[in-house]
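Notes for the one structure printed next.
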Amino acid sequence: MNTLLEPFQYGFFRHATLVAVIAGALCGLVGVYVVLRGMSYIGHGLSHAIFGGAVASYALGFNFYVGALSWGFVSALLINRVSRRRAIGADAAIGVVTSASFAIGIAIISVIGTFTRNFEAALFGNVLGVTVLDVWLVAAVGVFAAAVVFFRYRQLLFSTFDPEVAQMSGVNTALTDVLLAIILASTIASTMTVLGVTLIAATLVIPPVIARLLTDSFHRMLFISVGVGASCGFVGVYLSYYLNWSSGASVVITAAAVFVVVYAWSALRGRRSAVAGLDAH
Amino acid sequence: MTCRYGSEPVLVNVDLTVREGDFLGVVGPSGSGKSTLLKAIAGSVRPVAGSVFRRKDASIGYVPQVETVDWYFPTTVREAVLMARIDGRVLPWASRSDVADAELTLERLGLGGLGSRHIRELSGGQQQRVFIARALLGQPRLLLLDEPTSGVDVRTRHDVMHLIHELHHDGLAIVITTHDLNGIAAHLPQLVCLNREVIASGSPRNVIRPDVLERTYGASLEVLSHGGMPVVVEQYPDYDEEAGAQVVSLREGHHEHPA
């Protein structure tokens, strides 16, 4: 038992586990909207854009998160704005805005000439060096996201399912889109040191997809996705301690393994119910 | 009013009035602006010239084309219908009275007991009624239905139209778009022929005429009378002869298939 609890005697690991669990739950929550709105590529692109902002901020002597958050918001709003132009399209808009931001980040690193642990953590995720500030930040974003989803649940659901009719019914869909973009940007910025920008898209996508395989109800999908995200965050960081993997990779591999099991189970269940349906006829 | 998508005009100088208790059908070819007209009435498309006047108390329910619905979206019938209850509601869960209203509406539309089903698990007619139920739960005075019978069989079409006629009887003003001239349009009290502009409007007998249809569809259509109602007959070229000639030429060039 003591061996199992050994990692928790270290402060950094307790912080990292807490951040990973909250980050997993947060990504699971936000990811439901990301997946159902067909925005998975935005999650991927935005994480790269935020990296550029974080590096620029560091080079200018600001806190890492200041640039990450502010550039995340700007990128999210830019993508939102550019993708409204039919001639360009969302995927191309994401490609332009996010790749350019990532390239700026890489260029700044080239100029600085050093690749600090902060940047490595931001790219691939690292439990070492998770501070109390990281815990508070991800917790604050978690509370903010949960509050937005709680108080604007109906608007978010309606505008995700049927944006045109939602708008006709009085939902301010533009405001809803902006709110979602802000939540997404702050989720990525606040979780990237543990999950890594290169892997964060997976933590946004895999838990909702697992949840979707398990339920046909929207509100159940939200709960399951949050639960799966938090559990994978916990198990992933725990395994990373023993396997010496980067925490981001460990969390994503855990989630992917759960996906494979759930996918196989749902495929078997589908076949079984199809056979039962045939028998009934 | 005039509406454009980009520089492309979709509706030009359309002048139309929908009064309380009206039942109006809008017909026209694909791309004639039927859906845009409904969206302009509902307020999701803004005219670039002219305007849409809505009475202050005229709440509007909109039923989209079923082809535009994401049938794999994780929503049960009850969840989908309750989306209409959005005004001034802060809590994520529906109140008891909202749930009771939803159940009552589902019952009235013949969907009682199906609230927990996923929307994909329903038949075509039931799926259409889910979205009518959602529109009704918003307690509209005017119901807009975009091609409510497209892609359904004759029996389902009858069921859906029967329901829409009942709603009209209950006092709702209704505007529907349709491609079906004989099955639906000819049975409605008022019609509008649309092809970017209003070609004609009035009773089916006054509107379903060869000259009006030719101007609307750009095709020659014959109109017969059956029991006092207009029946549109489409004039097809004789494809059989052409097809027959092709089959013969294929057989001449390739294999002979014994009859």
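Labels for the structure tokens follow display order: chains A, B, ..., residues from 1 in each chain, ligands from 1.
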Which chain A residues have any atom within 7 Å of an atom of chain B, and for each, what is the nearest pair of atoms with distance in Å to one decimal, counting only C-alpha atoms, rows sorted by chain and number, as CSV?
```
residue,atom,partner,partner_atom,distance
A:Phe150,CA,B:Pro92,CA,5.9
A:Phe151,CA,B:Val90,CA,5.4
A:Arg152,CA,B:Val90,CA,6.9
A:Tyr153,CA,B:Pro92,CA,5.2
A:Arg154,CA,B:Pro92,CA,6.1
A:Phe158,CA,B:Met83,CA,5.9
A:Phe161,CA,B:Phe73,CA,6.9
A:Val165,CA,B:Tyr62,CA,6.9
A:Gln167,CA,B:Ser44,CA,6.8
A:Met168,CA,B:Ser44,CA,5.7
A:Asp216,CA,B:Pro74,CA,4.5
A:Ser217,CA,B:Thr75,CA,4.8
A:Phe218,CA,B:Pro74,CA,5.0
```
Could you take the residues named above and write them with N, CA and C atoms, as a PDB file, in the first residue's frame?
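Wrote result_16.pdb, looks like this:
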```
ATOM      1  N   PHE A 150     -23.329  25.727 -16.665  1.00  0.00           N
ATOM      2  CA  PHE A 150     -24.513  25.599 -15.802  1.00  0.00           C
ATOM      3  C   PHE A 150     -25.556  26.663 -16.142  1.00  0.00           C
ATOM      4  N   PHE A 151     -25.103  27.923 -16.203  1.00  0.00           N
ATOM      5  CA  PHE A 151     -26.072  29.015 -16.371  1.00  0.00           C
ATOM      6  C   PHE A 151     -26.478  29.251 -17.828  1.00  0.00           C
ATOM      7  N   ARG A 152     -25.683  28.741 -18.754  1.00  0.00           N
ATOM      8  CA  ARG A 152     -26.054  28.899 -20.172  1.00  0.00           C
ATOM      9  C   ARG A 152     -26.217  27.535 -20.844  1.00  0.00           C
ATOM     10  N   TYR A 153     -26.593  26.542 -20.029  1.00  0.00           N
ATOM     11  CA  TYR A 153     -26.730  25.173 -20.521  1.00  0.00           C
ATOM     12  C   TYR A 153     -27.694  25.101 -21.704  1.00  0.00           C
ATOM     13  N   ARG A 154     -28.853  25.698 -21.556  1.00  0.00           N
ATOM     14  CA  ARG A 154     -29.880  25.600 -22.597  1.00  0.00           C
ATOM     15  C   ARG A 154     -29.454  26.300 -23.883  1.00  0.00           C
ATOM     16  N   PHE A 158     -28.889  24.306 -27.367  1.00  0.00           N
ATOM     17  CA  PHE A 158     -29.716  24.636 -28.540  1.00  0.00           C
ATOM     18  C   PHE A 158     -28.829  25.114 -29.688  1.00  0.00           C
ATOM     19  N   PHE A 161     -26.907  22.178 -31.213  1.00  0.00           N
ATOM     20  CA  PHE A 161     -27.741  21.245 -31.984  1.00  0.00           C
ATOM     21  C   PHE A 161     -28.280  21.891 -33.257  1.00  0.00           C
ATOM     22  N   VAL A 165     -32.120  27.694 -35.779  1.00  0.00           N
ATOM     23  CA  VAL A 165     -33.398  27.783 -35.075  1.00  0.00           C
ATOM     24  C   VAL A 165     -33.191  28.377 -33.676  1.00  0.00           C
ATOM     25  N   GLN A 167     -31.103  30.706 -32.934  1.00  0.00           N
ATOM     26  CA  GLN A 167     -31.056  32.163 -33.130  1.00  0.00           C
ATOM     27  C   GLN A 167     -32.470  32.718 -33.324  1.00  0.00           C
ATOM     28  N   MET A 168     -33.285  31.989 -34.124  1.00  0.00           N
ATOM     29  CA  MET A 168     -34.669  32.431 -34.330  1.00  0.00           C
ATOM     30  C   MET A 168     -35.456  32.437 -33.018  1.00  0.00           C
ATOM     31  N   ASP A 216     -26.997   8.192 -25.480  1.00  0.00           N
ATOM     32  CA  ASP A 216     -27.671   8.966 -26.528  1.00  0.00           C
ATOM     33  C   ASP A 216     -28.244  10.257 -25.957  1.00  0.00           C
ATOM     34  N   SER A 217     -27.980  10.520 -24.674  1.00  0.00           N
ATOM     35  CA  SER A 217     -28.562  11.704 -24.034  1.00  0.00           C
ATOM     36  C   SER A 217     -27.469  12.756 -23.828  1.00  0.00           C
ATOM     37  N   PHE A 218     -27.804  14.009 -24.106  1.00  0.00           N
ATOM     38  CA  PHE A 218     -26.805  15.073 -24.036  1.00  0.00           C
ATOM     39  C   PHE A 218     -26.298  15.279 -22.608  1.00  0.00           C
TER      40      PHE A 218
END
```
Contacts of stretch 156-192 of chain A with stretch 15-35 of chain A up to 7 Å, shortest pair per row, only C-alpha atoms, as a tab-separated table:
```
residue	atom	partner	partner_atom	distance
A:Leu184	CA	A:Val30	CA	6.6
A:Thr187	CA	A:Cys27	CA	6.9
A:Thr191	CA	A:Ala23	CA	5.8
```
Could you name the residues that touch B:Asp101 at 8 Å or less, counting only C-alpha atoms, but leaving out those on the same chain fewer than 4 positions away, as a PDB file with C-alpha atoms, in the first residue's frame?
```
ATOM      1  CA  SER B  97     -44.340  22.497 -15.669  1.00  0.00           C
ATOM      2  CA  THR B 105     -47.495  18.261 -26.607  1.00  0.00           C
ATOM      3  CA  LEU B 137     -43.789  24.323 -27.146  1.00  0.00           C
TER       4      LEU B 137
END
```
Residue nearest B:Thr156 among B:His179, B:Leu191, B:Gln126, B:Ser203 (counting only C-alpha atoms): B:Gln126
Filtered DSSP result for stretch 12-248 of chain B, state strand (DSSP E or B), as a ChimeraX atom specification: /B:23-27,49,60-63,76,118,142-146,173-178,190-195,197-202,221-226,229-234
What does the file look like for those residues with C-alpha atoms, as a PDB file, in the first residue's frame?
```pdb
ATOM      1  CA  PHE B  23     -52.741  28.963 -44.147  1.00  0.00           C
ATOM      2  CA  LEU B  24     -50.275  29.750 -46.882  1.00  0.00           C
ATOM      3  CA  GLY B  25     -48.306  27.440 -49.130  1.00  0.00           C
ATOM      4  CA  VAL B  26     -45.161  28.608 -50.907  1.00  0.00           C
ATOM      5  CA  VAL B  27     -44.184  26.725 -54.062  1.00  0.00           C
ATOM      6  CA  ALA B  49     -33.821  46.349 -48.789  1.00  0.00           C
ATOM      7  CA  ILE B  60     -43.076  32.424 -34.407  1.00  0.00           C
ATOM      8  CA  GLY B  61     -42.334  28.696 -34.439  1.00  0.00           C
ATOM      9  CA  TYR B  62     -39.985  27.333 -37.092  1.00  0.00           C
ATOM     10  CA  VAL B  63     -39.765  23.715 -38.233  1.00  0.00           C
ATOM     11  CA  THR B  76     -33.655  12.271 -26.726  1.00  0.00           C
ATOM     12  CA  HIS B 118     -33.180   8.958 -29.285  1.00  0.00           C
ATOM     13  CA  LEU B 142     -47.396  31.643 -36.560  1.00  0.00           C
ATOM     14  CA  LEU B 143     -45.869  28.304 -37.538  1.00  0.00           C
ATOM     15  CA  LEU B 144     -43.347  28.156 -40.390  1.00  0.00           C
ATOM     16  CA  LEU B 145     -42.620  24.719 -41.846  1.00  0.00           C
ATOM     17  CA  ASP B 146     -39.861  24.210 -44.405  1.00  0.00           C
ATOM     18  CA  ALA B 173     -51.389  30.850 -38.791  1.00  0.00           C
ATOM     19  CA  ILE B 174     -49.296  28.542 -40.970  1.00  0.00           C
ATOM     20  CA  VAL B 175     -46.834  29.017 -43.807  1.00  0.00           C
ATOM     21  CA  ILE B 176     -45.349  25.926 -45.432  1.00  0.00           C
ATOM     22  CA  THR B 177     -43.001  25.487 -48.361  1.00  0.00           C
ATOM     23  CA  THR B 178     -43.427  22.492 -50.629  1.00  0.00           C
ATOM     24  CA  GLN B 190     -53.765  30.061 -50.341  1.00  0.00           C
ATOM     25  CA  LEU B 191     -50.669  29.691 -52.486  1.00  0.00           C
ATOM     26  CA  VAL B 192     -47.709  31.822 -53.433  1.00  0.00           C
ATOM     27  CA  CYS B 193     -45.668  30.935 -56.514  1.00  0.00           C
ATOM     28  CA  LEU B 194     -42.132  32.097 -55.915  1.00  0.00           C
ATOM     29  CA  ASN B 195     -39.079  32.286 -58.088  1.00  0.00           C
ATOM     30  CA  GLU B 197     -40.003  37.207 -56.808  1.00  0.00           C
ATOM     31  CA  VAL B 198     -43.665  36.523 -56.251  1.00  0.00           C
ATOM     32  CA  ILE B 199     -44.976  35.260 -59.595  1.00  0.00           C
ATOM     33  CA  ALA B 200     -48.585  34.872 -58.402  1.00  0.00           C
ATOM     34  CA  SER B 201     -50.582  34.489 -55.220  1.00  0.00           C
ATOM     35  CA  GLY B 202     -54.143  33.513 -54.386  1.00  0.00           C
ATOM     36  CA  LEU B 221     -46.860  21.951 -67.320  1.00  0.00           C
ATOM     37  CA  GLU B 222     -50.379  20.882 -68.171  1.00  0.00           C
ATOM     38  CA  VAL B 223     -53.131  21.549 -65.625  1.00  0.00           C
ATOM     39  CA  LEU B 224     -56.220  19.331 -65.543  1.00  0.00           C
ATOM     40  CA  SER B 225     -59.227  19.617 -63.275  1.00  0.00           C
ATOM     41  CA  HIS B 226     -60.221  16.726 -61.003  1.00  0.00           C
ATOM     42  CA  MET B 229     -59.221  20.822 -58.021  1.00  0.00           C
ATOM     43  CA  PRO B 230     -56.290  21.576 -60.294  1.00  0.00           C
ATOM     44  CA  VAL B 231     -54.017  18.639 -61.087  1.00  0.00           C
ATOM     45  CA  VAL B 232     -50.610  19.319 -62.613  1.00  0.00           C
ATOM     46  CA  VAL B 233     -49.418  16.912 -65.271  1.00  0.00           C
ATOM     47  CA  GLU B 234     -45.755  16.924 -66.183  1.00  0.00           C
TER      48      GLU B 234
END
```
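One distance worth recording is that between atom CA of B:Gly110 and atom CA of B:Ser95, which is 22.6 Å.
Atom CA of A:Phe102 to atom CA of A:Ala145 spans 25.3 Å [interatomic distance, one decimal].
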Run DSSP on the backbone of this structure and report the residues of stretch 28-239 of chain B it assigns to alpha helix (DSSP H), as a compact mmCIF listing (two decimals) with N, CA and C atoms, in the first residue's frame.
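Saved to out-v3.txt:
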```txt
# COMPACT_ATOMS: atom_id res chain seq x y z
N LYS B 34 -37.58 29.91 -51.33
CA LYS B 34 -38.66 29.52 -50.40
C LYS B 34 -38.16 29.50 -48.95
N SER B 35 -37.04 28.79 -48.75
CA SER B 35 -36.52 28.69 -47.37
C SER B 35 -36.08 30.06 -46.87
N THR B 36 -35.48 30.85 -47.76
CA THR B 36 -35.02 32.19 -47.36
C THR B 36 -36.21 33.04 -46.95
N LEU B 37 -37.33 32.87 -47.65
CA LEU B 37 -38.53 33.64 -47.30
C LEU B 37 -38.96 33.30 -45.85
N LEU B 38 -38.98 32.00 -45.53
CA LEU B 38 -39.36 31.60 -44.15
C LEU B 38 -38.37 32.17 -43.14
N LYS B 39 -37.08 32.09 -43.48
CA LYS B 39 -36.06 32.57 -42.54
C LYS B 39 -36.14 34.09 -42.36
N ALA B 40 -36.51 34.78 -43.43
CA ALA B 40 -36.67 36.24 -43.32
C ALA B 40 -37.87 36.55 -42.43
N ILE B 41 -38.94 35.78 -42.58
CA ILE B 41 -40.12 36.00 -41.73
C ILE B 41 -39.74 35.74 -40.26
N ALA B 42 -38.95 34.66 -40.06
CA ALA B 42 -38.57 34.29 -38.69
C ALA B 42 -37.50 35.21 -38.12
N VAL B 77 -35.91 12.55 -27.54
CA VAL B 77 -37.06 13.30 -28.04
C VAL B 77 -37.43 14.41 -27.05
N ARG B 78 -37.47 14.07 -25.75
CA ARG B 78 -37.87 15.05 -24.73
C ARG B 78 -36.88 16.22 -24.68
N GLU B 79 -35.58 15.89 -24.70
CA GLU B 79 -34.55 16.95 -24.67
C GLU B 79 -34.70 17.87 -25.88
N ALA B 80 -34.94 17.27 -27.05
CA ALA B 80 -35.05 18.08 -28.28
C ALA B 80 -36.24 19.03 -28.19
N VAL B 81 -37.36 18.51 -27.70
CA VAL B 81 -38.58 19.33 -27.63
C VAL B 81 -38.40 20.45 -26.59
N LEU B 82 -37.77 20.11 -25.48
CA LEU B 82 -37.62 21.11 -24.40
C LEU B 82 -36.64 22.23 -24.74
N ARG B 96 -40.81 21.34 -13.68
CA ARG B 96 -41.87 20.34 -13.78
C ARG B 96 -42.94 20.75 -14.78
N SER B 97 -43.27 22.04 -14.77
CA SER B 97 -44.34 22.50 -15.67
C SER B 97 -43.88 22.43 -17.13
N ASP B 98 -42.58 22.72 -17.38
CA ASP B 98 -42.06 22.60 -18.75
C ASP B 98 -42.11 21.14 -19.21
N VAL B 99 -41.70 20.22 -18.32
CA VAL B 99 -41.73 18.80 -18.67
C VAL B 99 -43.18 18.36 -18.92
N ALA B 100 -44.09 18.82 -18.07
CA ALA B 100 -45.51 18.45 -18.23
C ALA B 100 -46.04 18.98 -19.56
N ASP B 101 -45.69 20.22 -19.91
CA ASP B 101 -46.12 20.79 -21.20
C ASP B 101 -45.55 19.99 -22.37
N ALA B 102 -44.28 19.60 -22.23
CA ALA B 102 -43.63 18.83 -23.30
C ALA B 102 -44.34 17.48 -23.48
N GLU B 103 -44.64 16.83 -22.36
CA GLU B 103 -45.30 15.52 -22.43
C GLU B 103 -46.68 15.66 -23.07
N LEU B 104 -47.36 16.73 -22.69
CA LEU B 104 -48.71 16.98 -23.23
C LEU B 104 -48.65 17.20 -24.75
N THR B 105 -47.66 17.98 -25.17
CA THR B 105 -47.50 18.26 -26.61
C THR B 105 -47.14 16.99 -27.36
N LEU B 106 -46.23 16.19 -26.77
CA LEU B 106 -45.84 14.93 -27.42
C LEU B 106 -47.04 14.00 -27.53
N GLU B 107 -47.84 13.97 -26.46
CA GLU B 107 -49.06 13.12 -26.45
C GLU B 107 -50.01 13.57 -27.56
N ARG B 108 -50.19 14.88 -27.65
CA ARG B 108 -51.12 15.44 -28.63
C ARG B 108 -50.68 15.13 -30.06
N GLY B 124 -39.89 8.42 -40.04
CA GLY B 124 -39.81 9.73 -40.70
C GLY B 124 -40.89 10.69 -40.23
N GLY B 125 -42.13 10.19 -40.13
CA GLY B 125 -43.25 11.04 -39.71
C GLY B 125 -43.11 11.47 -38.26
N GLN B 126 -42.65 10.54 -37.42
CA GLN B 126 -42.45 10.87 -36.00
C GLN B 126 -41.35 11.90 -35.84
N GLN B 127 -40.29 11.75 -36.63
CA GLN B 127 -39.17 12.72 -36.55
C GLN B 127 -39.67 14.12 -36.90
N GLN B 128 -40.49 14.19 -37.94
CA GLN B 128 -41.03 15.49 -38.34
C GLN B 128 -41.87 16.08 -37.21
N ARG B 129 -42.64 15.20 -36.56
CA ARG B 129 -43.52 15.69 -35.49
C ARG B 129 -42.74 16.16 -34.25
N VAL B 130 -41.55 15.58 -34.04
CA VAL B 130 -40.73 16.04 -32.90
C VAL B 130 -40.42 17.53 -33.08
N PHE B 131 -40.10 17.91 -34.30
CA PHE B 131 -39.72 19.31 -34.53
C PHE B 131 -40.94 20.24 -34.58
N ILE B 132 -42.08 19.66 -34.95
CA ILE B 132 -43.32 20.44 -34.84
C ILE B 132 -43.63 20.64 -33.35
N ALA B 133 -43.42 19.58 -32.56
CA ALA B 133 -43.66 19.68 -31.11
C ALA B 133 -42.75 20.73 -30.49
N ARG B 134 -41.49 20.75 -30.91
CA ARG B 134 -40.55 21.75 -30.37
C ARG B 134 -41.04 23.16 -30.70
N ALA B 135 -41.49 23.34 -31.94
CA ALA B 135 -41.98 24.67 -32.34
C ALA B 135 -43.23 25.03 -31.53
N LEU B 136 -44.11 24.05 -31.32
CA LEU B 136 -45.37 24.33 -30.60
C LEU B 136 -45.11 24.67 -29.14
N LEU B 137 -44.07 24.07 -28.57
CA LEU B 137 -43.79 24.32 -27.15
C LEU B 137 -43.39 25.78 -26.90
N VAL B 154 -46.33 8.39 -48.86
CA VAL B 154 -47.66 9.02 -49.00
C VAL B 154 -48.43 9.00 -47.68
N ARG B 155 -48.38 7.86 -46.99
CA ARG B 155 -49.11 7.72 -45.73
C ARG B 155 -48.61 8.74 -44.70
N THR B 156 -47.28 8.86 -44.59
CA THR B 156 -46.69 9.80 -43.64
C THR B 156 -47.04 11.23 -44.04
N ARG B 157 -47.02 11.49 -45.36
CA ARG B 157 -47.37 12.82 -45.83
C ARG B 157 -48.79 13.18 -45.40
N HIS B 158 -49.70 12.21 -45.56
CA HIS B 158 -51.09 12.45 -45.14
C HIS B 158 -51.16 12.74 -43.65
N ASP B 159 -50.43 11.94 -42.86
CA ASP B 159 -50.45 12.11 -41.39
C ASP B 159 -49.96 13.50 -41.01
N VAL B 160 -48.81 13.89 -41.61
CA VAL B 160 -48.21 15.18 -41.26
C VAL B 160 -49.14 16.31 -41.68
N MET B 161 -49.71 16.21 -42.88
CA MET B 161 -50.58 17.29 -43.35
C MET B 161 -51.87 17.35 -42.53
N HIS B 162 -52.36 16.18 -42.12
CA HIS B 162 -53.55 16.14 -41.27
C HIS B 162 -53.28 16.90 -39.96
N LEU B 163 -52.10 16.65 -39.40
CA LEU B 163 -51.72 17.33 -38.16
C LEU B 163 -51.62 18.84 -38.37
N ILE B 164 -51.01 19.24 -39.49
CA ILE B 164 -50.85 20.68 -39.75
C ILE B 164 -52.21 21.35 -39.94
N HIS B 165 -53.13 20.65 -40.61
CA HIS B 165 -54.48 21.19 -40.78
C HIS B 165 -55.18 21.32 -39.41
N GLU B 166 -54.95 20.36 -38.54
CA GLU B 166 -55.53 20.44 -37.18
C GLU B 166 -55.02 21.66 -36.43
N LEU B 167 -53.71 21.88 -36.56
CA LEU B 167 -53.10 23.04 -35.87
C LEU B 167 -53.68 24.34 -36.42
N HIS B 168 -53.91 24.35 -37.73
CA HIS B 168 -54.52 25.53 -38.34
C HIS B 168 -55.93 25.74 -37.80
N HIS B 169 -56.67 24.63 -37.68
CA HIS B 169 -58.02 24.68 -37.11
C HIS B 169 -58.01 25.24 -35.69
N PRO B 204 -55.49 28.13 -54.93
CA PRO B 204 -54.85 27.19 -55.86
C PRO B 204 -55.45 27.26 -57.26
N ARG B 205 -56.77 27.45 -57.35
CA ARG B 205 -57.40 27.49 -58.67
C ARG B 205 -56.89 28.68 -59.51
N ASN B 206 -56.61 29.78 -58.81
CA ASN B 206 -56.12 30.97 -59.53
C ASN B 206 -54.62 30.95 -59.78
N VAL B 207 -53.94 30.14 -59.00
CA VAL B 207 -52.47 30.16 -59.09
C VAL B 207 -51.93 28.98 -59.91
N PRO B 210 -51.26 26.95 -66.17
CA PRO B 210 -50.07 26.68 -67.00
C PRO B 210 -49.17 27.90 -67.17
N ASP B 211 -49.75 29.10 -67.39
CA ASP B 211 -48.90 30.28 -67.62
C ASP B 211 -48.10 30.64 -66.37
N VAL B 212 -48.76 30.55 -65.21
CA VAL B 212 -48.07 30.88 -63.95
C VAL B 212 -46.97 29.85 -63.68
N LEU B 213 -47.30 28.57 -63.88
CA LEU B 213 -46.31 27.52 -63.60
C LEU B 213 -45.12 27.62 -64.56
N GLU B 214 -45.40 27.98 -65.79
CA GLU B 214 -44.31 28.13 -66.76
C GLU B 214 -43.37 29.26 -66.32
N ARG B 215 -43.96 30.36 -65.83
CA ARG B 215 -43.13 31.48 -65.37
C ARG B 215 -42.38 31.13 -64.08
N THR B 216 -43.00 30.27 -63.28
CA THR B 216 -42.37 29.89 -62.01
C THR B 216 -41.26 28.87 -62.22
N TYR B 217 -41.58 27.81 -62.97
CA TYR B 217 -40.65 26.68 -63.08
C TYR B 217 -39.84 26.70 -64.38
N TYR B 239 -38.66 9.26 -73.19
CA TYR B 239 -37.35 8.68 -72.90
C TYR B 239 -37.27 7.23 -73.36
```
If you count only C-alpha atoms, the residue of A:Val55, A:Leu204, A:Leu175, A:Val251 closest to A:Val111 turns out to be A:Val55
What is the distance between atom CA of B:Asp180 and atom CA of B:Glu20, in Å to one decimal? 24.6 Å
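For A:Gly95, the list of residues within 10 Å, based on only C-alpha atoms and with local chain neighbours fewer than 3 positions off taken out, reads A:Tyr41, A:Ile42, A:Gly45, A:Leu46, A:Ala49, A:Ile79, A:Ala90, A:Asp91, A:Ala92, A:Thr98, A:Ser99, A:Ala100, A:Ser101.
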